[in-house]
file query_3.cif (mmCIF, C-alpha atoms)
data_data
#
loop_
_atom_site.group_PDB
_atom_site.id
_atom_site.type_symbol
_atom_site.label_atom_id
_atom_site.label_comp_id
_atom_site.auth_asym_id
_atom_site.auth_seq_id
_atom_site.Cartn_x
_atom_site.Cartn_y
_atom_site.Cartn_z
ATOM 1 C CA MET T 192 0.000 0.000 0.000
ATOM 2 C CA THR T 193 1.030 3.612 -0.257
ATOM 3 C CA VAL T 194 1.059 6.146 2.545
ATOM 4 C CA THR T 195 0.887 9.762 1.397
ATOM 5 C CA LEU T 196 1.093 13.284 2.753
ATOM 6 C CA PRO T 197 -0.461 14.913 -0.323
ATOM 7 C CA ALA T 198 0.054 18.593 0.545
ATOM 8 C CA ARG T 199 3.773 17.869 0.982
ATOM 9 C CA GLY T 200 3.866 15.713 -2.176
ATOM 10 C CA VAL T 201 5.479 12.719 -0.446
ATOM 11 C CA SER T 202 4.552 9.033 -0.480
ATOM 12 C CA CYS T 203 6.114 5.828 0.695
ATOM 13 C CA VAL T 204 5.350 2.192 -0.002
ATOM 14 C CA ALA T 205 4.527 -0.237 2.794
ATOM 15 C CA GLU T 206 4.370 -4.014 2.725
ATOM 16 C CA LEU T 207 1.557 -5.682 4.649
ATOM 17 C CA LEU T 208 2.697 -8.178 7.282
ATOM 18 C CA ASP T 209 0.121 -10.827 6.366
ATOM 19 C CA GLU T 210 1.872 -13.608 8.298
ATOM 20 C CA ASP T 211 2.259 -11.597 11.508
ATOM 21 C CA ALA T 212 -1.062 -9.723 11.560
ATOM 22 C CA PRO T 213 -3.438 -11.494 9.147
ATOM 23 C CA ARG T 214 -6.712 -10.245 10.662
ATOM 24 C CA THR T 215 -5.543 -6.644 10.822
ATOM 25 C CA CYS T 216 -4.111 -6.747 7.300
ATOM 26 C CA GLU T 217 -7.352 -8.158 5.918
ATOM 27 C CA ALA T 218 -9.479 -5.553 7.723
ATOM 28 C CA VAL T 219 -7.329 -2.658 6.527
ATOM 29 C CA TRP T 220 -6.871 -3.932 2.962
ATOM 30 C CA ASN T 221 -10.616 -4.451 2.527
ATOM 31 C CA ALA T 222 -11.299 -0.918 3.785
ATOM 32 C CA LEU T 223 -8.732 0.981 1.688
ATOM 33 C CA PRO T 224 -8.537 3.804 0.836
ATOM 34 C CA GLN T 225 -8.525 5.376 4.291
ATOM 35 C CA GLY T 226 -7.336 8.717 5.569
ATOM 36 C CA ASP T 227 -8.175 12.079 7.010
ATOM 37 C CA ALA T 228 -6.435 15.013 8.669
ATOM 38 C CA VAL T 229 -2.940 14.178 9.856
ATOM 39 C CA GLN T 230 -1.895 14.645 13.459
ATOM 40 C CA HIS T 231 1.558 14.455 15.006
ATOM 41 C CA ALA T 232 1.890 12.515 18.248
ATOM 42 C CA LYS T 233 2.489 14.352 21.505
ATOM 43 C CA TYR T 234 3.535 11.418 23.661
ATOM 44 C CA ALA T 235 4.770 8.604 21.410
ATOM 45 C CA ARG T 236 7.423 10.817 19.770
ATOM 46 C CA ASN T 237 8.046 10.153 16.047
ATOM 47 C CA GLU T 238 4.539 9.334 14.880
ATOM 48 C CA VAL T 239 2.003 10.763 12.471
ATOM 49 C CA TYR T 240 -1.505 9.387 12.480
ATOM 50 C CA THR T 241 -5.041 9.854 11.295
ATOM 51 C CA MET T 242 -8.296 8.888 12.976
ATOM 52 C CA VAL T 243 -11.034 7.260 10.894
ATOM 53 C CA PRO T 244 -14.392 5.664 11.723
ATOM 54 C CA ARG T 245 -14.274 1.961 12.529
ATOM 55 C CA PHE T 246 -14.393 -0.078 9.335
ATOM 56 C CA ALA T 247 -13.982 -3.760 10.237
ATOM 57 C CA GLU T 248 -17.096 -5.913 10.520
ATOM 58 C CA VAL T 249 -15.318 -7.646 13.398
ATOM 59 C CA GLU T 250 -12.437 -5.916 15.145
ATOM 60 C CA PRO T 251 -9.239 -7.908 14.550
ATOM 61 C CA GLY T 252 -8.228 -7.900 18.206
ATOM 62 C CA GLN T 253 -4.648 -7.802 19.318
ATOM 63 C CA GLU T 254 -2.022 -9.366 17.061
ATOM 64 C CA ASN T 255 1.639 -8.558 16.497
ATOM 65 C CA PRO T 256 1.383 -5.937 19.262
ATOM 66 C CA THR T 257 4.027 -3.459 20.284
ATOM 67 C CA VAL T 258 4.543 -0.551 22.649
ATOM 68 C CA THR T 259 7.960 0.249 21.120
ATOM 69 C CA PRO T 260 7.427 0.738 17.368
ATOM 70 C CA ILE T 261 10.469 1.207 15.175
ATOM 71 C CA PRO T 262 10.973 3.452 12.124
ATOM 72 C CA GLY T 263 8.764 2.292 9.278
ATOM 73 C CA ASP T 264 6.199 0.495 11.443
ATOM 74 C CA ILE T 265 2.576 1.123 10.531
ATOM 75 C CA VAL T 266 0.308 0.453 13.473
ATOM 76 C CA TYR T 267 -3.451 -0.059 13.915
ATOM 77 C CA PHE T 268 -5.120 1.095 17.121
ATOM 78 C CA SER T 269 -8.800 0.678 17.964
ATOM 79 C CA PHE T 270 -10.097 3.105 20.575
ATOM 80 C CA ASP T 271 -13.500 2.902 22.212
ATOM 81 C CA GLY T 272 -15.217 6.278 22.395
ATOM 82 C CA GLY T 273 -14.920 6.369 26.172
ATOM 83 C CA MET T 274 -11.128 6.119 26.032
ATOM 84 C CA LEU T 275 -10.712 9.402 24.189
ATOM 85 C CA ASP T 276 -10.798 12.796 25.872
ATOM 86 C CA ARG T 277 -13.991 14.797 25.180
ATOM 87 C CA ALA T 278 -12.099 17.873 23.971
ATOM 88 C CA PHE T 279 -9.978 15.716 21.649
ATOM 89 C CA LYS T 280 -13.096 14.078 20.184
ATOM 90 C CA GLU T 281 -14.772 17.444 19.661
ATOM 91 C CA ASP T 282 -11.644 18.905 18.035
ATOM 92 C CA LYS T 283 -11.397 15.964 15.626
ATOM 93 C CA GLY T 284 -15.140 15.878 14.894
ATOM 94 C CA ILE T 285 -15.483 12.317 16.148
ATOM 95 C CA GLY T 286 -17.502 12.965 19.307
ATOM 96 C CA ASP T 287 -20.541 11.052 18.095
ATOM 97 C CA LEU T 288 -18.666 7.896 17.062
ATOM 98 C CA PRO T 289 -18.684 4.820 19.357
ATOM 99 C CA GLY T 290 -14.989 4.401 18.646
ATOM 100 C CA VAL T 291 -12.305 5.137 16.086
ATOM 101 C CA ILE T 292 -9.389 3.558 14.311
ATOM 102 C CA ASP T 293 -6.008 5.262 14.554
ATOM 103 C CA LEU T 294 -3.714 4.409 11.626
ATOM 104 C CA ALA T 295 -0.192 5.492 12.540
ATOM 105 C CA LEU T 296 3.145 5.701 10.777
ATOM 106 C CA PHE T 297 6.282 5.735 12.932
ATOM 107 C CA TYR T 298 9.144 7.458 11.181
ATOM 108 C CA GLY T 299 11.953 7.709 13.738
ATOM 109 C CA ARG T 300 13.545 5.916 16.683
ATOM 110 C CA ASN T 301 12.860 5.885 20.428
ATOM 111 C CA ASN T 302 9.068 5.658 20.382
ATOM 112 C CA LEU T 303 7.148 4.580 23.459
ATOM 113 C CA LEU T 304 3.402 4.015 23.487
ATOM 114 C CA LEU T 305 2.725 5.235 27.008
ATOM 115 C CA ASN T 306 -0.111 7.665 27.671
ATOM 116 C CA GLY T 307 -0.121 9.520 30.982
ATOM 117 C CA ASP T 308 -3.902 9.170 31.321
ATOM 118 C CA VAL T 309 -4.379 5.492 30.501
ATOM 119 C CA GLY T 310 -0.959 3.802 30.616
ATOM 120 C CA TRP T 311 0.433 1.471 27.973
ATOM 121 C CA VAL T 312 -1.276 1.633 24.579
ATOM 122 C CA PRO T 313 -0.271 -1.425 22.508
ATOM 123 C CA GLY T 314 -1.031 -1.371 18.808
ATOM 124 C CA ASN T 315 -0.983 -3.944 16.008
ATOM 125 C CA VAL T 316 2.011 -3.628 13.687
ATOM 126 C CA PHE T 317 0.450 -4.633 10.369
ATOM 127 C CA ALA T 318 2.804 -3.129 7.768
ATOM 128 C CA THR T 319 6.322 -1.844 7.335
ATOM 129 C CA VAL T 320 7.653 0.836 5.003
ATOM 130 C CA VAL T 321 9.870 -0.686 2.303
ATOM 131 C CA GLU T 322 10.361 2.294 -0.043
ATOM 132 C CA ASN T 323 11.053 6.001 0.499
ATOM 133 C CA LEU T 324 11.133 6.109 4.309
ATOM 134 C CA PRO T 325 13.840 8.838 4.460
ATOM 135 C CA ALA T 326 11.785 11.320 2.407
ATOM 136 C CA MET T 327 8.612 10.404 4.278
ATOM 137 C CA ALA T 328 10.398 10.840 7.621
ATOM 138 C CA GLU T 329 11.547 14.305 6.573
ATOM 139 C CA ALA T 330 7.966 15.232 5.624
ATOM 140 C CA CYS T 331 6.599 13.789 8.886
ATOM 141 C CA ASN T 332 9.121 15.811 10.860
ATOM 142 C CA ASP T 333 7.936 18.868 8.935
ATOM 143 C CA VAL T 334 4.398 18.137 10.167
ATOM 144 C CA TRP T 335 5.877 18.438 13.675
ATOM 145 C CA ARG T 336 7.847 21.625 12.948
ATOM 146 C CA SER T 337 5.511 23.455 10.579
ATOM 147 C CA GLY T 338 2.132 22.104 11.623
ATOM 148 C CA SER T 339 -0.526 19.776 10.326
ATOM 149 C CA VAL T 340 -3.151 22.282 9.190
ATOM 150 C CA GLY T 341 -4.301 21.464 5.660
ATOM 151 C CA GLU T 342 -2.434 18.144 5.483
ATOM 152 C CA ARG T 343 -3.928 14.670 5.265
ATOM 153 C CA LEU T 344 -2.494 11.197 5.821
ATOM 154 C CA LEU T 345 -3.784 8.776 3.172
ATOM 155 C CA TYR T 346 -3.505 4.989 3.001
ATOM 156 C CA GLU T 347 -4.248 3.484 -0.420
ATOM 157 C CA ARG T 348 -3.893 0.203 -2.251
ATOM 158 C CA LEU T 349 -0.849 -0.332 -4.418
ATOM 159 C CA GLU T 350 -1.279 -3.313 -6.672
ATOM 160 C CA ARG T 351 1.846 -4.479 -8.433
#

call {"tool": "encode", "arguments": {"input": "query_3.cif", "output": "C-alpha cells"}}
result
Amino acid sequence: MTVTLPARGVSCVAELLDEDAPRTCEAVWNALPQGDAVQHAKYARNEVYTMVPRFAEVEPGQENPTVTPIPGDIVYFSFDGGMLDRAFKEDKGIGDLPGVIDLALFYGRNNLLLNGDVGWVPGNVFATVVENLPAMAEACNDVWRSGSVGERLLYERLER
C-alpha cells in the first residue's frame, strides 16, 4: 500500500505483514482507501496518524502488538469512544462515534506508546515501510515543525 502526505507531495510504499497480523491486514486492505487530517503525536514521539471511523465488521483484536514501534512500522489502534478525551473528540469531529481507528506511521527511533492518562497503549504492527522512508520521515518531521493544518495522511492500495 502507499502512505501519502499529499500537501507535501510525499509518499512511501509499505508491505503488509500478512503472516504476523493477518486479521488486521485483511481488515485494513478491505477498507482501503482510508485517511483524514494528519496529526503528530504528543507522547509517542516520532509518529504521524489519522483517525477514521471503525471499518472492520469484526475488530481484529490484538495481534503482532508493540509498545515500542520502530521506524517504518505502521500500526493499527482501535479506541473505544470512552477512552478518548472529550475535547480531543470534539476537536477531531469524532464525538458522536462509538470508537475510532487510529492508523499510525512511525518514522523515527525511540518511540514509546505510554499515555499519561491510561498507561500502555499497545497497537498492532500490520505493515512496514519498504520504499522512500527517508523522504517520508523528513515530511513527517515537517508536520511536527511546521504544523498539520491542511495536510492529510492517506492509506491506499498499491497493486503491483

call {"tool": "atom_distance", "arguments": {"input": "query_3.cif", "atom1": "CA of Ala295 in chain T", "atom2": "CA of Glu210 in chain T"}}
result
19.7 Å

call {"tool": "residues_around", "arguments": {"input": "query_3.cif", "residues": "Thr259 in chain T", "least_positions_apart": "5", "cutoff": "12 Å", "atoms": "all atoms listed in the file", "output": "list in words"}}
result
Ala235, Arg236, Asn237, Glu238, Asp264, Ile265, Val266, Phe297, Gly299, Arg300, Asn301, Asn302, Leu303, Leu304, Leu305, Trp311, Val312, Pro313, Gly314, Asn315 and Val316 of chain T

call {"tool": "residues_around", "arguments": {"input": "query_3.cif", "residues": "range 318-334 of chain T", "least_positions_apart": "6", "cutoff": "8 Å", "atoms": "all atoms listed in the file", "output": "PyMOL selection string"}}
result
chain T and resi 196+199+201-208+216+230-231+237-239+263-266+298-299

call {"tool": "atom_distance", "arguments": {"input": "query_3.cif", "atom1": "CA of Ala247 in chain T", "atom2": "CA of Leu223 in chain T"}}
result
11.1 Å

call {"tool": "closest_residue", "arguments": {"input": "query_3.cif", "among": "T:Asp282, T:Glu217, T:Asp209, T:Glu347", "to": "Phe246 in chain T", "atoms": "all atoms listed in the file"}}
result
T:Glu217

call {"tool": "closest_residue", "arguments": {"input": "query_3.cif", "among": "T:Pro260, T:Phe268, T:Leu344, T:Pro197", "to": "Gln225 in chain T", "atoms": "only C-alpha atoms"}}
result
T:Leu344
